[in-house]
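Peer 1: Mind having a look at this structure? Questions to follow.
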Amino acid sequence: MSESLEQNTKELIEKNYGFLFEPELLEEIEKHGEIKSFSTGEIFIDLGQKITHMPLLLTGSVKVMREDPKGQELLLYFLERGDTCTMSLSCCMGNKVSDIRAIAEENTELVMIPVEKMDEWLRQYRSWRNYIFDSYQVRLNELMETLDSIAFMKMDERLKKYLNDRVKLLGSTTISATHQQIATDMNTSRVVVSRLLKQLEKKGEIKLGRNKIEVLDF
């Protein structure tokens, strides 16, 4: 790794995690972490994969999916910079294969932490313990919210929530996605998504384009 790239990586780690971790832990992350870059749509954790590293997001965003026995996918939650995927952490700690799929929602950069370091840091650094426990709580809340939306919200309400969540995650009111991609995320059909999107456009809440949606009201 070049000196300039090392400096950039150090700055990204300190920018995203410096307020969470003490300097000694930041040095450990810089020393043992492996920087990985993924393009939009690229899978970097897949179902059945042996998990040897836990990701910490530096830039970009990620969506985490589950798949049922019939191959239908369901969006569980999104991750953004400063986050980690606690479901992959559970697989790491339990020495199990992955039961989730993690996909780069946009161009994304991660620092991958070796599993053997996680136990060590849990014992050694209070800030790391707090971060892991807080991450579990956040992801649990998001999973409960996902379950609530499936159980109690109508499909049009779920779609509006999905679009609003994407706007907040990406920091842009323009969402680049096909109707099929949205349908896959929501575990429904493209026909249903297309019909509901057209209804939202008639209400003046969105504007549809080719493989993109502009959210006007969120």
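Identifiers for the structure tokens are assigned positionally: chains receive A, B, ... in sequence, residues are indexed from 1 per chain, and ligands are indexed from 1 in the order shown.
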Give the alpha helix (DSSP H) residues of segment 36-127 of chain A, as assigned by DSSP on the backbone, as JSON, numbers by chain.

Peer 2: {"A": [86, 87, 88, 89, 90, 91, 92, 93, 94, 115, 116, 117, 118, 119, 120, 121, 122, 123, 124, 126, 127]}

Peer 1: Neighbours of Val167 of chain A within 9 Å (only C-alpha atoms; same-chain residues fewer than 6 positions away dropped), as a list in words?

Peer 2: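 Those residues are Thr173, Thr174, Ile175, Val215 and Phe218 of chain A.
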
Peer 1: Which residues, written as a VMD selection string, have at least one atom at most 7 Å from segment 62-67 of chain A, with only C-alpha atoms counted and residues fewer than 3 positions away on the same chain left out?

Peer 2: chain A and resid 71 to 80 99 to 105

Peer 1: Output C-alpha atoms of each residue in that selection to a file, as a compact mmCIF listing (two decimals), in the first residue's frame.

Peer 2:
```
# COMPACT_ATOMS: atom_id res chain seq x y z
CA GLY A 71 -35.15 -18.30 -3.20
CA GLN A 72 -37.24 -15.20 -2.45
CA GLU A 73 -35.27 -12.36 -0.88
CA LEU A 74 -36.28 -10.01 1.90
CA LEU A 75 -34.54 -6.76 2.81
CA LEU A 76 -33.62 -6.76 6.50
CA TYR A 77 -31.85 -3.42 6.95
CA PHE A 78 -29.40 -0.92 5.49
CA LEU A 79 -25.92 -0.09 6.74
CA GLU A 80 -24.11 3.21 6.30
CA ASP A 99 -27.20 -16.73 6.66
CA ILE A 100 -27.42 -13.25 5.08
CA ARG A 101 -26.38 -11.58 1.83
CA ALA A 102 -24.68 -8.16 1.95
CA ILE A 103 -24.77 -6.06 -1.23
CA ALA A 104 -23.12 -2.70 -1.89
CA GLU A 105 -25.94 -0.19 -2.39
```

Peer 1: From the set A:Glu116, A:Glu27, A:Glu42, A:Glu14, which residue has the shortest atom-to-atom contact distance to Met54 of chain A, counting only C-alpha atoms?

Peer 2: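 Ranked by minimum distance to Met54 of chain A, first place goes to A:Glu116.
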
Peer 1: Quick one: residues within 12 Å of segment 198-201 of chain A, only C-alpha atoms, excluding same-chain residues fewer than 4 positions away - as a ChimeraX atom specification?

Peer 2: /A:156-157,159-160,163,179,191-194,205-209,213-218
